[in-house]
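Colleague: Just run-v2.txt, nothing more (compact mmCIF, C-alpha atoms):
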```
# COMPACT_ATOMS: atom_id res chain seq x y z
CA PHE A 1 30.55 9.01 1.65
CA SER A 2 30.58 11.12 4.79
CA LYS A 3 28.43 13.40 6.88
CA LYS A 4 30.09 16.37 5.14
CA VAL A 5 29.14 15.03 1.68
CA LEU A 6 25.60 14.35 2.87
CA PHE A 7 25.09 17.88 4.16
CA GLU A 8 26.67 19.40 1.05
CA THR A 9 24.18 17.40 -1.04
CA LEU A 10 21.25 18.44 1.15
CA ASP A 11 22.38 22.07 0.97
CA THR A 12 22.01 21.98 -2.83
CA LEU A 13 18.30 21.31 -2.21
CA GLU A 14 17.70 23.51 0.82
CA ILE A 15 19.58 26.70 -0.06
CA PRO A 16 17.72 27.46 -3.33
CA SER A 17 14.35 26.81 -1.66
CA ARG A 18 15.08 28.60 1.65
CA ASP A 19 13.47 31.92 0.71
CA ILE A 20 10.25 30.44 -0.66
CA ASN A 21 10.02 28.07 2.33
CA THR A 22 10.46 30.96 4.79
CA LYS A 23 7.71 32.93 3.04
CA ALA A 24 5.37 29.92 2.89
CA ARG A 25 5.86 29.18 6.61
CA ALA A 26 5.17 32.83 7.49
CA ALA A 27 2.00 32.82 5.36
CA LEU A 28 0.87 29.55 6.97
CA ALA A 29 1.51 30.90 10.48
CA GLU A 30 -0.49 34.03 9.63
CA ALA A 31 -3.38 32.05 8.11
CA LYS A 32 -3.62 29.73 11.13
CA LYS A 33 -2.81 32.24 13.91
CA ASP A 34 -6.30 32.07 15.46
CA GLU A 35 -6.60 28.25 15.39
CA GLY A 36 -5.37 27.71 18.95
CA TYR A 37 -2.25 25.68 18.17
CA ASP A 38 1.21 26.19 16.72
CA PRO A 39 0.82 25.39 13.01
CA LEU A 40 4.59 25.33 12.49
CA ALA A 41 5.34 22.77 15.21
CA PRO A 42 6.62 19.61 13.47
CA TRP A 43 4.00 17.39 15.14
CA ASN A 44 1.24 19.59 13.69
CA THR A 45 2.45 19.55 10.07
CA SER A 46 0.02 16.92 8.74
CA PHE A 47 -2.92 18.42 10.58
CA THR A 48 -2.05 21.95 9.47
CA LEU A 49 -1.66 21.06 5.82
CA ALA A 50 -4.59 18.60 5.51
CA GLY A 51 -7.58 20.94 5.75
CA GLY A 52 -9.51 21.39 2.54
CA VAL A 53 -7.66 18.74 0.57
CA GLU A 54 -8.82 15.99 2.94
CA GLU A 55 -12.38 17.30 2.75
CA GLU A 56 -12.25 17.17 -1.05
CA LEU A 57 -10.76 13.65 -1.10
CA SER A 58 -12.99 12.18 1.59
CA PRO A 59 -15.96 11.31 -0.70
CA TYR A 60 -13.64 9.18 -2.85
CA PHE A 61 -12.54 7.08 0.11
CA PRO A 62 -15.67 6.32 2.14
CA PHE A 63 -15.03 4.53 5.40
CA GLU A 64 -17.84 2.07 4.67
CA THR A 65 -16.00 0.59 1.67
CA ALA A 66 -12.43 0.52 3.06
CA VAL A 67 -12.37 -3.21 3.90
CA GLU A 68 -13.98 -4.16 0.58
CA THR A 69 -11.58 -1.94 -1.38
CA TRP A 70 -8.59 -3.43 0.44
CA GLY A 71 -9.82 -6.98 -0.25
CA LYS A 72 -10.48 -6.31 -3.93
CA SER A 73 -7.11 -4.55 -4.33
CA PHE A 74 -5.15 -7.40 -2.79
CA ALA A 75 -7.14 -10.02 -4.71
CA ALA A 76 -6.44 -8.18 -7.98
CA LEU A 77 -2.73 -8.26 -7.08
CA GLY A 78 -2.92 -12.02 -6.53
CA ILE A 79 -2.20 -11.73 -2.81
CA LYS A 80 -3.43 -14.74 -0.87
CA TYR A 81 -3.66 -15.27 2.86
CA ARG A 82 -3.57 -19.07 2.50
CA GLY A 83 -6.18 -19.89 5.13
CA SER A 84 -4.96 -17.34 7.66
CA THR A 85 -7.25 -15.82 10.25
CA LEU A 86 -7.19 -12.03 10.26
CA ASN A 87 -8.58 -10.22 13.28
CA LEU A 88 -9.17 -6.55 12.48
CA ASP A 89 -9.59 -3.83 15.11
CA LEU A 90 -10.23 -0.78 12.96
CA LEU A 91 -11.99 1.82 15.09
CA ASP A 92 -10.42 4.35 17.39
CA ARG A 93 -11.63 4.28 20.99
CA LYS A 94 -10.64 5.62 24.38
CA GLY A 95 -7.58 3.85 25.76
CA LYS A 96 -6.55 2.32 22.44
CA TYR A 97 -2.90 2.77 21.55
CA SER A 98 -2.57 5.47 18.89
CA ASN A 99 -0.95 3.49 16.09
CA GLY A 100 -1.66 1.02 13.31
CA PHE A 101 -0.07 -2.27 14.24
CA CYS A 102 0.14 -5.88 13.06
CA HIS A 103 1.32 -8.91 15.01
CA TRP A 104 1.12 -12.67 14.70
CA PRO A 105 0.25 -14.74 17.76
CA THR A 106 0.53 -17.70 15.37
CA PRO A 107 2.92 -17.47 12.43
CA SER A 108 2.36 -19.76 9.47
CA TYR A 109 4.53 -22.86 9.33
CA ARG A 110 4.66 -26.47 8.21
CA LYS A 111 4.56 -29.24 10.76
CA ALA A 112 7.17 -31.99 10.64
CA ASP A 113 4.71 -34.11 8.64
CA GLY A 114 4.34 -31.31 6.04
CA THR A 115 0.90 -30.16 7.16
CA TRP A 116 0.36 -26.44 6.61
CA VAL A 117 -0.59 -24.37 9.66
CA PRO A 118 -1.96 -20.95 8.58
CA SER A 119 -1.11 -17.82 10.50
CA VAL A 120 -3.31 -15.81 12.82
CA ALA A 121 -2.73 -12.07 12.40
CA ASN A 122 -4.16 -9.22 14.43
CA PHE A 123 -4.02 -5.69 13.15
CA THR A 124 -5.34 -2.35 14.22
CA SER A 125 -6.25 0.98 12.72
CA LEU A 126 -7.44 4.26 14.20
CA ALA A 127 -10.40 5.18 12.06
CA SER A 128 -13.21 7.38 13.35
CA PRO A 129 -15.99 6.79 10.81
CA ASN A 130 -17.58 10.23 11.15
CA THR A 131 -14.31 12.13 10.73
CA VAL A 132 -13.23 13.69 7.44
CA GLY A 133 -10.52 11.49 5.93
CA SER A 134 -11.39 8.42 8.02
CA GLY A 135 -11.95 6.22 4.98
CA LYS A 136 -8.57 7.12 3.53
CA THR A 137 -6.90 6.56 6.90
CA ALA A 138 -8.61 3.17 7.24
CA LEU A 139 -7.68 2.13 3.70
CA LYS A 140 -4.04 3.23 4.03
CA THR A 141 -3.72 1.30 7.29
CA LEU A 142 -5.44 -1.79 5.85
CA LEU A 143 -3.13 -1.76 2.84
CA HIS A 144 -0.04 -1.28 5.00
CA GLU A 145 -0.83 -3.68 7.84
CA GLY A 146 -2.56 -6.09 5.47
CA GLY A 147 0.70 -6.19 3.51
CA HIS A 148 2.54 -7.30 6.63
CA ALA A 149 -0.11 -9.94 7.27
CA ALA A 150 0.14 -11.18 3.67
CA HIS A 151 3.91 -11.34 3.90
CA PHE A 152 3.74 -13.63 6.90
CA ALA A 153 0.74 -15.66 5.69
```
Would you write out, as structure tokens, the structure that this file holds?

Modeller:
Amino acid sequence: FSKKVLFETLDTLEIPSRDINTKARAALAEAKKDEGYDPLAPWNTSFTLAGGVEEELSPYFPFETAVETWGKSFAALGIKYRGSTLNLDLLDRKGKYSNGFCHWPTPSYRKADGTWVPSVANFTSLASPNTVGSGKTALKTLLHEGGHAAHFA
């Protein structure tokens, strides 16, 4: 396997879709031309494409039920935190780092005498409860970061 083989493989996907992609990008740029940002910039892709779909999905993922849904989902999967303490910081605020994150100031372990010491996990999310899509964002982050916490519990 080489870089040449990789790009030949990728070309078999890109070349047949190039024309339709070019047309779709032009149509998107035209549709969003008065929005005040570059809709084709790579860092704007999610924002540009979300629009109406997020608005339609939002009622199915209310922010108010995100923690409960996460807990029920993990319980149904048989995931246990074995006495761990989970500190959740879910809301976006000024000065907060813009990322979901999980860390363990205390990992789980067994003492020399065999006594179990449960972990302490802290994880963050960036939900803004009054924003369209905030419940889905909160739930996705809880599932992802909660998975890390479960793994190390």

Colleague: Quick one: what's the axis-aligned box for region 73-89 of chain A, all listed atoms, 6 Å on every side, centre and edges in Å to one decimal, as lines of an AutoDock Vina configuration file?

Modeller:
```
center_x = -5.9
center_y = -11.9
center_z = 3.6
size_x = 19.4
size_y = 28.1
size_z = 35.1
```

Colleague: Given the choices A:Ala153, A:Ala29, A:Leu57, A:Leu40, which gets closest to Arg110 (chain A) if the distance is worked out from only C-alpha atoms?

Modeller: A:Ala153

Colleague: From the options A:Ala41, A:Gly147, A:Ser128, A:Pro59, which residue's atoms come nearest to Leu91 (chain A), counting only C-alpha atoms?

Modeller: A:Ser128

Colleague: Could you check how far CA of Leu142 (chain A) sits from CA of Phe63 (chain A), in Å to one decimal?

Modeller: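 Going from CA of Leu142 (chain A) over to CA of Phe63 (chain A), I get 11.5 Å.
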
Colleague: I'd like the neighbourhood of Arg25 (chain A) as a compact mmCIF listing (two decimals) with C-alpha atoms, keeping the file's coordinate frame, where a residue qualifies if any of its atoms comes within 12 Å (using all atoms listed in the file), though same-chain residues fewer than 2 positions away should be ignored.

Modeller:
```txt
# COMPACT_ATOMS: atom_id res chain seq x y z
CA ARG A 18 15.08 28.60 1.65
CA ASP A 19 13.47 31.92 0.71
CA ILE A 20 10.25 30.44 -0.66
CA ASN A 21 10.02 28.07 2.33
CA THR A 22 10.46 30.96 4.79
CA LYS A 23 7.71 32.93 3.04
CA ALA A 27 2.00 32.82 5.36
CA LEU A 28 0.87 29.55 6.97
CA ALA A 29 1.51 30.90 10.48
CA GLU A 30 -0.49 34.03 9.63
CA ALA A 31 -3.38 32.05 8.11
CA LYS A 32 -3.62 29.73 11.13
CA LYS A 33 -2.81 32.24 13.91
CA ASP A 38 1.21 26.19 16.72
CA PRO A 39 0.82 25.39 13.01
CA LEU A 40 4.59 25.33 12.49
CA ALA A 41 5.34 22.77 15.21
CA PRO A 42 6.62 19.61 13.47
CA THR A 45 2.45 19.55 10.07
CA THR A 48 -2.05 21.95 9.47
CA LEU A 49 -1.66 21.06 5.82
```

Colleague: Work out how far CA of Phe101 (chain A) is from CA of Thr69 (chain A), in Å to one decimal.

Modeller: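 If I compute the distance from CA of Thr69 (chain A) to CA of Phe101 (chain A), I get 19.4 Å.
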
Colleague: Just give me the gap between CA of Ser119 (chain A) and CA of Ser73 (chain A) in Å, one decimal is fine.

Modeller: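 Atom-to-atom, CA of Ser119 (chain A) to CA of Ser73 (chain A), that is 20.8 Å.
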
Colleague: Nearest to Gly133 (chain A) among A:Val53, A:Ile15, A:Val117, A:Ala150, with distances taken over only C-alpha atoms: which residue is it?

Modeller: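 Distance minimum relative to Gly133 (chain A) lands on A:Val53.
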
Colleague: Pick out the residues sitting within 8 Å of Asn87 (chain A), and hand them over as a ChimeraX atom specification; count all atoms listed in the file, and ignore anything fewer than 6 positions along from it in its own chain.

Modeller: /A:120-123

Colleague: Taking (-4.0, 7.9, 9.4) as a centre in this file's frame and 7 Å as the limit, can you find every polymer residue with an atom that close, using all atoms listed in the file, and give them as a compact mmCIF listing (two decimals) with C-alpha atoms, in the coordinates of the input?

Modeller:
```
# COMPACT_ATOMS: atom_id res chain seq x y z
CA LEU A 126 -7.44 4.26 14.20
CA THR A 137 -6.90 6.56 6.90
CA ALA A 138 -8.61 3.17 7.24
CA THR A 141 -3.72 1.30 7.29
```

Colleague: Which is closer to Tyr60 (chain A) than all the others in A:His103, A:Arg82, A:Lys94, A:Lys136, using only C-alpha atoms?

Modeller: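 Closest residue, counting only C-alpha atoms: A:Lys136.
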
Colleague: Quick one: everything within 10 Å of Asn99 (chain A), counting only C-alpha atoms, minus sequence neighbours fewer than 3 positions away in the same chain. Send it as a PyMOL selection string.

Modeller: chain A and resi 92+96+102+124-126+141
